[in-house]
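Accompanying notes for the structure given below.
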Amino acid sequence: MKHRLPEHPWPTAAEAAASRLFSPVELGPVRAATRTWVPAMVPWRSNEEGHVTPEVLDWYGRFADGRPGVLVVEATGIRDVPSGPLLRIGHDRFVAGLARLVETVRARSKGETRLFIQVIDFLRIRRRPEPARFFDAFLELRDAHRAALVALGKLGPSDEPDDTLVRQLLAGLSEQELAEVLSERELEALRSGERERVTDVHLPHVADLPRTLPPLFADAARRAREAGFDGVELHFAHAYTMASFLSAKNTRADGYGGSLEGRVRLPLEVLSAVRKHRAPAFAVGCRMLCDEVIEGGSTPDEAAWFAARLATAGIDFISVSKGGKFEDAKQPKIGHAAYPYTGESGHECMPTVRIDAPGPFGRNLRLVRRLRDAVQSVAPHVPVIGCGGIGTFVEAEAALARGDCDIVAAARQSLADPDWWQKVREGQGATVRRCIYTNYCEGLDQSHKEVTCQLWDRDFEGDFEGADVPQQGRRLSLDEKRRLVPPARRLDASAATESPGGARVEF
Ligand SMILES: Cc1cc2nc3c(=O)[nH]c(=O)nc-3n(C[C@H](O)[C@H](O)[C@H](O)COP(=O)(O)O)c2cc1C
Ligand code: SF4
């Protein structure tokens with residue numbers, strides 16, 4: 001099914017000025033000038049050391065040009081360990097680069113945009129192995145494997161085979177036989193790559209997470225404050241460690257799992273550790289799921305309960321997302337790691353025009369509303385941020401008017417046109433380059449390639465210095481891609497004729 005982009009009228013500048021969307025809002029000690037929000041999006045523009053690079057500065061500077069009320073910097077790792085080209089905040093040496101990022105956003109938004117940074121912890125996940133390598137090197141042999149080979153008639157009851165033979169026999173089994181011989185986790189490791197879970201308490205570093213994570217998050221938040229950020233967004237969503245503590249799949253028996261109280265305990269302890277070093281004018285919020293969208297996962301009612309607990313404990317804002325889990329991810333290709341946005345839960349996280357009814361536009365708002373109602377009942381001052389396929393003023397304003405959320409976030413629409421907030425505010429909505437929600441950008445994220453948008457990366461106008469202007473349709477070099485940011489568009493009505501989005505888009 002393909003859903004047509006909604007065709008809505010755009011407001012005049014006067015209507016925008018009188019709207020809810022462009023009215024201020026308090027996030028704890030921080031005031032945002034408008035209720036417009038660019039949520040975290042990893043663009044893969046850091047380097048192997050996790051530093052802020054010139055490309056990262058260009059990227060966020062470009063979003064700041066559109067002057068959203070709040071801009072959230074991508075998921076940034078809180079540990080001081082190599083994490084590929086993911087931005088990092090796990091050591092004081094990262095503070096200087098992050099401070100340059102803050103200065104860039106301040107300057108480019110003319111001091112208007114509040115800048116938060118999303119801080120993340122994640123557990124180890126391995127790439128899907130070559131089967132031969134899995135049986136040769138990764139699989140830890142158990143007596144059960146030998147017994148199963150006997151049961152299958154591959155070994156005699158009195159045989160005493162050495163490990164090499166057992167590995168060879170296992171490697172020669174059919175898929176069906178392997179399903180009988182290997183445990184569920186071993187099968188997963190073979191078919192998708194080994195993945196740690198918060199319930200793996202036999203691993204000392206996993207058992208210790210309730211001790212190690214609160215200070216790691218607190219230190220990350222301190223560094224964010226020292227770098228000059230206006231706040232920190234604790235990543236409690238999607239497929240990562242903290243969301244896994246909240247998950248109904250968390251059966252830990254050490255007081256940090258099982259019951260709702262047990263599952264919310266570590267998120268509350270992390271929040272408390274971060275808030276201990278709270279400074280005036282520094283907000284502490286989180287991103288969390290309104291629904292995990294996996295079998296046996298947390299329900300929207302549980303999410304609402306967690307949100308109310310976090311609000312009671314003093315959180316300054318709650319940004320709501322949906323799905324994005326490993327449990328239903330598609331099997332990756334050999335040599336690739338599982339990506340948590342490939343199954344149904346992933347499709348709910350970044351819905352496309354091909355998703356089932358009622359389509360991608362404002363798809364999550366009903367559940368965001370349920371969560372917000374729970375927050376309102378205990379802490380009405382705590383704003384809830386809603387997102388999911390919102391790309392017009394009418395949708396955003398209606399969500400606020402209905403009370404679905406207090407602030408409207410738009411990720412892909414802001415990627416398609418970072419100026420869109422400002423264009424709408426100036427009565428130039430007809431010139432907005434509209435996202436067509438087919439997830440080319442997400443495909444790049446999936447392969448950890450520099451994220452761009454199909455609406456501008458081939459029709460590029462030459463925004464970076466020192467490079468030839470690429471021709472339309474030409475393949476860009478890696479170096480050019482790294483420096484590619486959304487091109488600026490003029491704020492006049494004639495630009496509407498150039499826009500691949502807008503009301504004329506046909507499906
Ligand atoms: C390329 C890309 C990277 C993303 N990275 C993050 C991230 O780092 N953290 C996060 O919480 N969500 C991330 N998201 C999800 C978005 O913040 C947002 O929740 C989702 O795209 C739905 O909003 P939208 O319909 O306005 O795009 C990412 C989305 C995209 C497209
Ligand atoms: S690549 Fe597609 S889905 Fe992503 S921002 Fe651009 S138009 Fe939207």
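Residues in the structure tokens are numbered from 1 in each chain, the chains being A, B, ... in the order shown, and ligands are numbered from 1 in the order shown.
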Which residues come within 12 Å of Pro157 (chain A), counting only C-alpha atoms, excluding same-chain residues fewer than 4 positions away, as a compact mmCIF listing (two decimals) with N, CA and C atoms, in the first residue's frame?
# COMPACT_ATOMS: atom_id res chain seq x y z
N ARG A 146 27.56 -33.32 21.75
CA ARG A 146 27.98 -34.70 21.48
C ARG A 146 26.78 -35.65 21.61
N ALA A 147 26.00 -35.43 22.67
CA ALA A 147 24.83 -36.30 22.90
C ALA A 147 23.85 -36.19 21.73
N ALA A 148 23.67 -34.98 21.22
CA ALA A 148 22.73 -34.80 20.11
C ALA A 148 23.25 -35.48 18.86
N LEU A 149 24.57 -35.43 18.65
CA LEU A 149 25.15 -36.11 17.48
C LEU A 149 24.94 -37.62 17.59
N VAL A 150 25.02 -38.13 18.81
CA VAL A 150 24.75 -39.56 19.02
C VAL A 150 23.29 -39.85 18.69
N ALA A 151 22.39 -39.01 19.21
CA ALA A 151 20.96 -39.22 18.97
C ALA A 151 20.63 -39.19 17.48
N LEU A 152 21.37 -38.37 16.74
CA LEU A 152 21.13 -38.27 15.29
C LEU A 152 21.82 -39.40 14.52
N GLY A 153 22.57 -40.24 15.23
CA GLY A 153 23.27 -41.34 14.58
C GLY A 153 24.56 -40.92 13.90
N PRO A 161 35.06 -38.86 20.24
CA PRO A 161 35.63 -38.01 19.19
C PRO A 161 36.35 -36.79 19.78
I want to know what sits within 10 Å of Ala171 (chain A), based on only C-alpha atoms, with residues of the same chain fewer than 4 positions away left out; could you give that as a short mmCIF file (atom, residue, chain, number, x, y, z; two decimals) with N, CA and C atoms, in the first residue's frame?
data_model
loop_
_atom_site.label_atom_id
_atom_site.label_comp_id
_atom_site.auth_asym_id
_atom_site.auth_seq_id
_atom_site.Cartn_x
_atom_site.Cartn_y
_atom_site.Cartn_z
N PRO A 131 29.47 -19.61 8.32
CA PRO A 131 29.18 -20.83 9.09
C PRO A 131 30.46 -21.61 9.45
N ALA A 132 31.38 -21.74 8.48
CA ALA A 132 32.59 -22.53 8.76
C ALA A 132 33.35 -21.93 9.94
N ARG A 133 33.43 -20.62 9.96
CA ARG A 133 34.17 -19.95 11.04
C ARG A 133 33.44 -20.11 12.38
N PHE A 134 32.11 -20.08 12.30
CA PHE A 134 31.31 -20.24 13.51
C PHE A 134 31.62 -21.60 14.16
N PHE A 135 31.59 -22.66 13.33
CA PHE A 135 31.81 -23.99 13.91
C PHE A 135 33.27 -24.19 14.31
N ASP A 136 34.18 -23.59 13.54
CA ASP A 136 35.62 -23.73 13.84
C ASP A 136 36.03 -23.00 15.10
N LEU A 165 36.68 -33.26 15.27
CA LEU A 165 35.69 -34.09 14.59
C LEU A 165 34.27 -33.61 14.94
N VAL A 166 34.04 -33.29 16.23
CA VAL A 166 32.71 -32.82 16.62
C VAL A 166 32.36 -31.56 15.83
N ARG A 167 33.30 -30.66 15.70
CA ARG A 167 33.04 -29.42 14.96
C ARG A 167 32.72 -29.73 13.50
N LEU A 178 20.41 -28.88 12.76
CA LEU A 178 21.03 -27.87 13.63
C LEU A 178 20.01 -27.31 14.62
#
Any residue with an atom at most 7 Å from ligand 2 counts, using only C-alpha atoms and all ligand atoms. Which are they? Put them as a list in words.
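What falls inside 7 Å of ligand 2 is Arg412, Gln413, Leu415, Ala416, Arg434, Cys435, Ile436, Tyr437, Thr438, Asn439, Tyr440, Cys441, Glu442, Thr452, Cys453, Gln454 and Leu455 of chain A.
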Would you please work out which residue, of A:Gln176, A:Ser158, A:Thr342, A:Gln118, is nearest to Ile78 (chain A) when using only C-alpha atoms?
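The closest residue to Ile78 (chain A) is A:Gln118.
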Within region 312-474 of chain A, find each residue whose DSSP state, derived from the backbone, is helix (DSSP H, G or I), and express the selection as a PyMOL selection string.
chain A and resi 312+344-349+365-378+393-402+412-416+420-425+429-431+440-446
File of the preceding selection, N, CA and C atoms, as a short mmCIF file (atom, residue, chain, number, x, y, z; two decimals), in the first residue's frame:
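The resulting part32.cif:
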data_model
loop_
_atom_site.label_atom_id
_atom_site.label_comp_id
_atom_site.auth_asym_id
_atom_site.auth_seq_id
_atom_site.Cartn_x
_atom_site.Cartn_y
_atom_site.Cartn_z
N THR A 312 7.42 11.63 37.82
CA THR A 312 7.35 11.85 39.27
C THR A 312 8.77 12.00 39.84
N GLU A 344 9.01 -5.64 11.88
CA GLU A 344 7.80 -4.82 12.06
C GLU A 344 8.05 -3.68 13.05
N SER A 345 8.78 -4.00 14.14
CA SER A 345 9.01 -2.95 15.14
C SER A 345 9.83 -1.80 14.53
N GLY A 346 10.75 -2.15 13.63
CA GLY A 346 11.54 -1.12 12.96
C GLY A 346 10.69 -0.29 12.02
N HIS A 347 9.76 -0.95 11.34
CA HIS A 347 8.89 -0.21 10.42
C HIS A 347 7.99 0.75 11.18
N GLU A 348 7.63 0.38 12.40
CA GLU A 348 6.82 1.28 13.22
C GLU A 348 7.66 2.47 13.70
N CYS A 349 8.96 2.25 13.83
CA CYS A 349 9.84 3.31 14.32
C CYS A 349 10.01 4.41 13.26
N LEU A 365 0.72 8.96 17.23
CA LEU A 365 0.20 9.99 18.15
C LEU A 365 -0.83 9.46 19.15
N ARG A 366 -1.59 8.46 18.74
CA ARG A 366 -2.60 7.93 19.67
C ARG A 366 -1.91 7.35 20.92
N LEU A 367 -0.80 6.65 20.69
CA LEU A 367 -0.08 6.07 21.83
C LEU A 367 0.70 7.13 22.60
N VAL A 368 1.18 8.12 21.90
CA VAL A 368 1.87 9.23 22.58
C VAL A 368 0.88 9.90 23.53
N ARG A 369 -0.35 10.05 23.07
CA ARG A 369 -1.40 10.68 23.88
C ARG A 369 -1.64 9.87 25.16
N ARG A 370 -1.66 8.55 25.02
CA ARG A 370 -1.90 7.70 26.19
C ARG A 370 -0.78 7.91 27.22
N LEU A 371 0.43 7.98 26.72
CA LEU A 371 1.57 8.17 27.60
C LEU A 371 1.50 9.58 28.23
N ARG A 372 1.14 10.56 27.38
CA ARG A 372 1.08 11.93 27.91
C ARG A 372 -0.01 12.06 28.98
N ASP A 373 -1.14 11.40 28.78
CA ASP A 373 -2.21 11.46 29.79
C ASP A 373 -1.69 10.98 31.14
N ALA A 374 -0.88 9.91 31.11
CA ALA A 374 -0.33 9.38 32.37
C ALA A 374 0.62 10.39 33.00
N VAL A 375 1.42 11.05 32.17
CA VAL A 375 2.37 12.05 32.70
C VAL A 375 1.59 13.24 33.26
N GLN A 376 0.58 13.68 32.51
CA GLN A 376 -0.23 14.83 32.95
C GLN A 376 -0.86 14.58 34.31
N SER A 377 -1.22 13.33 34.56
CA SER A 377 -1.93 13.05 35.82
C SER A 377 -1.01 13.18 37.04
N VAL A 378 0.30 13.11 36.82
CA VAL A 378 1.21 13.23 37.98
C VAL A 378 2.12 14.44 37.90
N PHE A 393 2.48 21.61 8.78
CA PHE A 393 2.07 22.47 9.88
C PHE A 393 0.72 22.00 10.43
N VAL A 394 -0.19 21.64 9.54
CA VAL A 394 -1.55 21.27 9.98
C VAL A 394 -1.49 20.05 10.91
N GLU A 395 -0.70 19.06 10.54
CA GLU A 395 -0.58 17.85 11.39
C GLU A 395 0.02 18.22 12.75
N ALA A 396 1.05 19.04 12.71
CA ALA A 396 1.75 19.39 13.96
C ALA A 396 0.83 20.18 14.88
N GLU A 397 0.15 21.16 14.31
CA GLU A 397 -0.73 22.01 15.11
C GLU A 397 -1.90 21.20 15.67
N ALA A 398 -2.42 20.28 14.86
CA ALA A 398 -3.55 19.45 15.31
C ALA A 398 -3.11 18.54 16.46
N ALA A 399 -1.90 18.00 16.39
CA ALA A 399 -1.40 17.13 17.47
C ALA A 399 -1.32 17.91 18.78
N LEU A 400 -0.89 19.14 18.69
CA LEU A 400 -0.82 19.96 19.91
C LEU A 400 -2.22 20.32 20.39
N ALA A 401 -3.10 20.67 19.46
CA ALA A 401 -4.46 21.08 19.84
C ALA A 401 -5.21 19.92 20.49
N ARG A 402 -5.02 18.72 19.99
CA ARG A 402 -5.71 17.54 20.57
C ARG A 402 -5.13 17.14 21.91
N ARG A 412 12.74 12.90 9.71
CA ARG A 412 13.01 12.82 8.28
C ARG A 412 12.59 14.09 7.54
N GLN A 413 11.48 14.71 7.95
CA GLN A 413 11.11 15.97 7.29
C GLN A 413 12.21 17.03 7.47
N SER A 414 12.85 17.03 8.64
CA SER A 414 13.92 18.00 8.89
C SER A 414 15.16 17.64 8.08
N LEU A 415 15.34 16.35 7.82
CA LEU A 415 16.47 15.93 7.00
C LEU A 415 16.22 16.33 5.54
N ALA A 416 14.98 16.14 5.10
CA ALA A 416 14.64 16.51 3.72
C ALA A 416 14.81 18.02 3.52
N TRP A 420 12.74 23.86 7.00
CA TRP A 420 11.28 23.85 6.89
C TRP A 420 10.57 24.58 8.03
N TRP A 421 11.15 24.48 9.23
CA TRP A 421 10.49 25.18 10.35
C TRP A 421 10.46 26.68 10.08
N GLN A 422 11.60 27.17 9.63
CA GLN A 422 11.73 28.60 9.42
C GLN A 422 10.87 29.06 8.23
N LYS A 423 10.82 28.22 7.20
CA LYS A 423 9.98 28.56 6.06
C LYS A 423 8.52 28.69 6.49
N VAL A 424 8.06 27.70 7.30
CA VAL A 424 6.66 27.73 7.76
C VAL A 424 6.43 28.97 8.60
N ARG A 425 7.40 29.26 9.46
CA ARG A 425 7.26 30.41 10.36
C ARG A 425 7.16 31.72 9.57
N GLY A 429 5.55 28.24 3.58
CA GLY A 429 5.39 26.78 3.64
C GLY A 429 5.34 26.12 2.27
N ALA A 430 4.85 26.85 1.27
CA ALA A 430 4.74 26.27 -0.08
C ALA A 430 6.11 25.92 -0.65
N THR A 431 7.18 26.47 -0.08
CA THR A 431 8.53 26.18 -0.61
C THR A 431 9.19 25.01 0.12
N TYR A 440 15.12 6.04 2.06
CA TYR A 440 16.46 5.96 1.48
C TYR A 440 17.51 6.30 2.56
N CYS A 441 17.21 7.30 3.37
CA CYS A 441 18.14 7.75 4.43
C CYS A 441 18.38 6.61 5.43
N GLU A 442 17.32 5.93 5.78
CA GLU A 442 17.42 4.86 6.77
C GLU A 442 18.25 3.70 6.21
N GLY A 443 18.16 3.48 4.89
CA GLY A 443 18.98 2.44 4.25
C GLY A 443 20.46 2.75 4.39
N LEU A 444 20.81 4.03 4.30
CA LEU A 444 22.22 4.42 4.46
C LEU A 444 22.65 4.23 5.91
N ASP A 445 21.76 4.60 6.82
CA ASP A 445 22.05 4.41 8.25
C ASP A 445 22.30 2.93 8.53
N GLN A 446 21.49 2.10 7.92
CA GLN A 446 21.59 0.66 8.14
C GLN A 446 22.98 0.14 7.77
#
Set the distance at 6 Å and use only C-alpha atoms: which residues neighbour Arg67 (chain A) once local chain neighbours fewer than 3 positions away are removed? I'd like the list as a ChimeraX atom specification.
/A:64,109,113
Save out the residues we just selected, C-alpha atoms, as a CSV table (one decimal), in the first residue's frame.
chain,number,residue,atom,x,y,z
A,64,ALA,CA,20.4,25.0,13.2
A,109,SER,CA,20.5,29.4,15.0
A,113,THR,CA,17.9,26.7,19.2
Show which residues sit within 10 Å of Arg195 (chain A), as a ChimeraX atom specification. Count only C-alpha atoms, and ignore same-chain residues fewer than 5 positions away.
/A:123-127,185,188-189,326,337-338
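The shortest atom-to-atom distance to ligand 1, with only C-alpha atoms and all ligand atoms taken into account, belongs to A:Ala243 out of A:Ala243, A:Leu101, A:Leu203, A:Val30.
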Applying 8 Å and only C-alpha atoms, which residues near Pro29 (chain A) remain after dropping the ones on its own chain fewer than 4 positions away? List them as a PDB file with N, CA and C atoms, in the first residue's frame.
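Below is the file out_20.pdb, written as the result:
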ATOM      1  N   PRO A 280      21.707  24.734  37.161  1.00  0.00           N
ATOM      2  CA  PRO A 280      20.593  25.561  36.684  1.00  0.00           C
ATOM      3  C   PRO A 280      20.681  25.624  35.154  1.00  0.00           C
ATOM      4  N   ALA A 281      19.564  25.693  34.507  1.00  0.00           N
ATOM      5  CA  ALA A 281      19.511  25.835  33.042  1.00  0.00           C
ATOM      6  C   ALA A 281      20.087  24.629  32.297  1.00  0.00           C
ATOM      7  N   PHE A 282      20.018  23.450  32.898  1.00  0.00           N
ATOM      8  CA  PHE A 282      20.430  22.229  32.189  1.00  0.00           C
ATOM      9  C   PHE A 282      19.319  21.198  32.370  1.00  0.00           C
ATOM     10  N   ALA A 283      18.730  20.787  31.255  1.00  0.00           N
ATOM     11  CA  ALA A 283      17.578  19.880  31.330  1.00  0.00           C
ATOM     12  C   ALA A 283      18.031  18.423  31.223  1.00  0.00           C
ATOM     13  N   ASP A 316      12.764  16.074  33.080  1.00  0.00           N
ATOM     14  CA  ASP A 316      12.346  17.375  32.548  1.00  0.00           C
ATOM     15  C   ASP A 316      11.579  17.277  31.234  1.00  0.00           C
TER      16      ASP A 316
END
Enumerate residues in contact with ligand 1: an atom-to-atom distance of at most 8 Å, counting only C-alpha atoms and all ligand atoms. Format the result as a PyMOL selection string.
chain A and resi 38-43+73-76+118+235+237-238+287+320-322+349-351+360-362+387-391+409-414+437+439+441-445+451
Write a file of the selected residues as a CSV table (one decimal), in the first residue's frame, keeping N, CA and C atoms.
chain,number,residue,atom,x,y,z
A,38,VAL,N,13.9,18.8,16.4
A,38,VAL,CA,14.6,17.8,15.5
A,38,VAL,C,15.2,16.7,16.4
A,39,PRO,N,14.6,15.5,16.3
A,39,PRO,CA,15.1,14.4,17.2
A,39,PRO,C,16.4,13.9,16.8
A,40,ALA,N,17.0,13.0,17.6
A,40,ALA,CA,18.3,12.5,17.3
A,40,ALA,C,18.3,11.7,16.0
A,41,MET,N,19.3,11.9,15.2
A,41,MET,CA,19.5,11.1,14.0
A,41,MET,C,21.0,10.9,13.8
A,42,VAL,N,21.4,9.6,13.8
A,42,VAL,CA,22.9,9.4,13.5
A,42,VAL,C,23.2,9.6,12.1
A,43,PRO,N,24.1,10.5,11.7
A,43,PRO,CA,24.4,10.7,10.3
A,43,PRO,C,25.7,10.1,9.9
A,73,VAL,N,21.3,16.2,19.4
A,73,VAL,CA,22.5,15.6,18.7
A,73,VAL,C,22.3,14.0,18.8
A,74,GLU,N,22.7,13.4,17.8
A,74,GLU,CA,22.6,11.9,17.6
A,74,GLU,C,23.0,11.1,18.9
A,75,ALA,N,22.6,9.9,18.9
A,75,ALA,CA,23.0,8.9,19.9
A,75,ALA,C,24.5,8.9,20.1
A,76,THR,N,25.0,9.2,21.3
A,76,THR,CA,26.5,9.5,21.5
A,76,THR,C,26.9,8.5,22.6
A,118,GLN,N,21.9,13.3,22.9
A,118,GLN,CA,21.3,12.0,23.3
A,118,GLN,C,22.5,11.1,23.7
A,235,HIS,N,19.1,7.9,26.5
A,235,HIS,CA,18.5,7.1,25.5
A,235,HIS,C,17.9,5.8,26.2
A,237,ALA,N,15.4,4.2,24.7
A,237,ALA,CA,14.5,3.7,23.7
A,237,ALA,C,15.2,2.7,22.8
A,238,HIS,N,14.4,2.1,21.9
A,238,HIS,CA,14.8,1.2,20.8
A,238,HIS,C,15.5,-0.1,21.4
A,287,ARG,N,14.5,9.6,26.1
A,287,ARG,CA,13.7,9.1,24.9
A,287,ARG,C,13.3,7.7,25.3
A,320,VAL,N,9.1,10.6,22.8
A,320,VAL,CA,8.5,9.3,22.6
A,320,VAL,C,8.8,8.7,21.2
A,321,SER,N,9.2,7.5,21.2
A,321,SER,CA,9.4,6.8,20.0
A,321,SER,C,8.7,5.5,20.0
A,322,LYS,N,8.9,4.6,19.0
A,322,LYS,CA,8.1,3.4,19.0
A,322,LYS,C,9.0,2.3,18.3
A,349,CYS,N,9.0,2.2,13.8
A,349,CYS,CA,9.8,3.3,14.3
A,349,CYS,C,10.0,4.4,13.3
A,350,MET,N,10.2,4.0,12.0
A,350,MET,CA,10.4,5.0,10.9
A,350,MET,C,9.4,4.6,9.8
A,351,PRO,N,8.1,4.8,10.0
A,351,PRO,CA,7.1,4.3,9.0
A,351,PRO,C,7.3,4.9,7.7
A,360,PRO,N,1.7,6.3,7.5
A,360,PRO,CA,2.8,6.8,8.4
A,360,PRO,C,2.5,8.1,9.0
A,361,PHE,N,1.6,8.9,8.6
A,361,PHE,CA,1.5,10.3,9.0
A,361,PHE,C,0.9,10.4,10.4
A,362,GLY,N,1.7,10.8,11.3
A,362,GLY,CA,1.2,10.9,12.7
A,362,GLY,C,0.8,9.6,13.3
A,387,CYS,N,6.4,12.2,17.8
A,387,CYS,CA,6.9,12.2,16.4
A,387,CYS,C,6.4,11.0,15.7
A,388,GLY,N,6.7,10.9,14.4
A,388,GLY,CA,6.3,9.8,13.6
A,388,GLY,C,5.5,10.3,12.4
A,389,GLY,N,6.2,10.5,11.3
A,389,GLY,CA,5.6,10.9,10.0
A,389,GLY,C,4.9,12.2,10.1
A,390,ILE,N,5.4,13.2,10.9
A,390,ILE,CA,4.8,14.5,10.9
A,390,ILE,C,5.6,15.4,10.0
A,391,GLY,N,4.9,16.0,9.0
A,391,GLY,CA,5.7,16.8,8.0
A,391,GLY,C,4.9,18.0,7.5
A,409,ALA,N,8.1,16.7,17.1
A,409,ALA,CA,9.4,16.3,16.5
A,409,ALA,C,9.2,15.8,15.1
A,410,ALA,N,10.1,16.2,14.2
A,410,ALA,CA,10.1,15.7,12.9
A,410,ALA,C,11.6,15.4,12.5
A,411,ALA,N,11.9,14.1,12.3
A,411,ALA,CA,13.2,13.7,12.0
A,411,ALA,C,13.4,13.8,10.4
A,412,ARG,N,12.7,12.9,9.7
A,412,ARG,CA,13.0,12.8,8.3
A,412,ARG,C,12.6,14.1,7.5
A,413,GLN,N,11.5,14.7,8.0
A,413,GLN,CA,11.1,16.0,7.3
A,413,GLN,C,12.2,17.0,7.5
A,414,SER,N,12.8,17.0,8.6
A,414,SER,CA,13.9,18.0,8.9
A,414,SER,C,15.2,17.6,8.1
A,437,TYR,N,9.0,10.0,2.6
A,437,TYR,CA,8.9,8.8,3.5
A,437,TYR,C,9.0,7.4,2.8
A,439,ASN,N,12.4,6.2,3.0
A,439,ASN,CA,13.5,5.6,3.8
A,439,ASN,C,14.8,5.3,3.1
A,441,CYS,N,17.2,7.3,3.4
A,441,CYS,CA,18.1,7.7,4.4
A,441,CYS,C,18.4,6.6,5.4
A,442,GLU,N,17.3,5.9,5.8
A,442,GLU,CA,17.4,4.9,6.8
A,442,GLU,C,18.3,3.7,6.2
A,443,GLY,N,18.2,3.5,4.9
A,443,GLY,CA,19.0,2.4,4.2
A,443,GLY,C,20.5,2.8,4.4
A,444,LEU,N,20.8,4.0,4.3
A,444,LEU,CA,22.2,4.4,4.5
A,444,LEU,C,22.6,4.2,5.9
A,445,ASP,N,21.8,4.6,6.8
A,445,ASP,CA,22.1,4.4,8.3
A,445,ASP,C,22.3,2.9,8.5
A,451,VAL,N,24.7,9.4,6.1
A,451,VAL,CA,23.3,9.6,5.8
A,451,VAL,C,23.1,10.9,4.9
What does the structure give for the distance between CA of Leu234 (chain A) and CA of Val119 (chain A), in Å to one decimal?
5.3 Å
Excluding Val485 (chain A) and any residue of its chain fewer than 5 positions from it, enumerate the residues within 10 Å of it, using only C-alpha atoms, and give them as a ChimeraX atom specification.
/A:55-56,58-63,415,418,451-453,456-457,460,462-464,480
Write out, as a PDB file, in the first residue's frame, the residues just selected, with C-alpha atoms.
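Listing of part05.pdb after writing:
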ATOM      1  CA  GLU A  55      31.538  17.265   8.895  1.00  0.00           C
ATOM      2  CA  VAL A  56      29.663  16.927  12.192  1.00  0.00           C
ATOM      3  CA  ASP A  58      28.528  21.289   9.098  1.00  0.00           C
ATOM      4  CA  TRP A  59      25.742  18.796   9.655  1.00  0.00           C
ATOM      5  CA  TYR A  60      24.358  20.271  12.858  1.00  0.00           C
ATOM      6  CA  GLY A  61      25.034  23.809  11.684  1.00  0.00           C
ATOM      7  CA  ARG A  62      22.775  23.085   8.739  1.00  0.00           C
ATOM      8  CA  PHE A  63      19.933  21.903  11.009  1.00  0.00           C
ATOM      9  CA  LEU A 415      16.474  15.927   6.996  1.00  0.00           C
ATOM     10  CA  PRO A 418      16.265  21.596   7.528  1.00  0.00           C
ATOM     11  CA  VAL A 451      23.291   9.605   5.803  1.00  0.00           C
ATOM     12  CA  THR A 452      21.899  11.834   3.060  1.00  0.00           C
ATOM     13  CA  CYS A 453      18.454  12.331   1.525  1.00  0.00           C
ATOM     14  CA  TRP A 456      19.081  16.430  -2.394  1.00  0.00           C
ATOM     15  CA  ASP A 457      22.129  14.205  -2.620  1.00  0.00           C
ATOM     16  CA  PHE A 460      23.222  18.887  -5.160  1.00  0.00           C
ATOM     17  CA  GLY A 462      27.537  22.648  -4.003  1.00  0.00           C
ATOM     18  CA  ASP A 463      27.331  23.501  -0.331  1.00  0.00           C
ATOM     19  CA  PHE A 464      30.747  22.321   0.738  1.00  0.00           C
ATOM     20  CA  GLU A 480      32.374  14.394  -0.992  1.00  0.00           C
TER      21      GLU A 480
END
Any idea what's packed within 12 Å of Asp208 (chain A), counting only C-alpha atoms, ignoring anything in its chain fewer than 2 positions away? Could you give it as a list in words?
Val198, Thr199, Asp200, Val201, His202, Leu203, Pro204, His205, Val206, Pro210, Arg211, Thr212, Leu213, Pro214, Arg252, Asp254, Tyr256 and Leu266 of chain A
Looking at only C-alpha atoms, which of A:Ala308, A:Ala224, A:Asn364, A:Ala218 is the one that sits closest to Arg88 (chain A)?
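Checking each candidate against Arg88 (chain A), we get A:Ala224 as the closest.
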Would you mind telling me which residue in A:Gly335, A:Gly285, A:Pro85, A:Gly262 lies nearest to Leu190 (chain A) when using only C-alpha atoms?
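Among the listed residues, the smallest separation from Leu190 (chain A) belongs to A:Gly335.
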Please identify which residues in region 102-141 of chain A DSSP calls strand (DSSP E or B) from the backbone, and express them as a list in words.
Arg114, Leu115, Phe116, Ile117, Gln118, Val119, Ile120 and Ile125 of chain A
Atomic distance CA of Leu246 (chain A) - CA of Trp305 (chain A), expressed in Å with one decimal:
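Result for CA of Leu246 (chain A) versus CA of Trp305 (chain A): 10.9 Å, one decimal.
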Of A:Gly172, A:Ala379, A:Phe217, A:Cys286, the one nearest to Ala311 (chain A) when counting only C-alpha atoms is A:Ala379
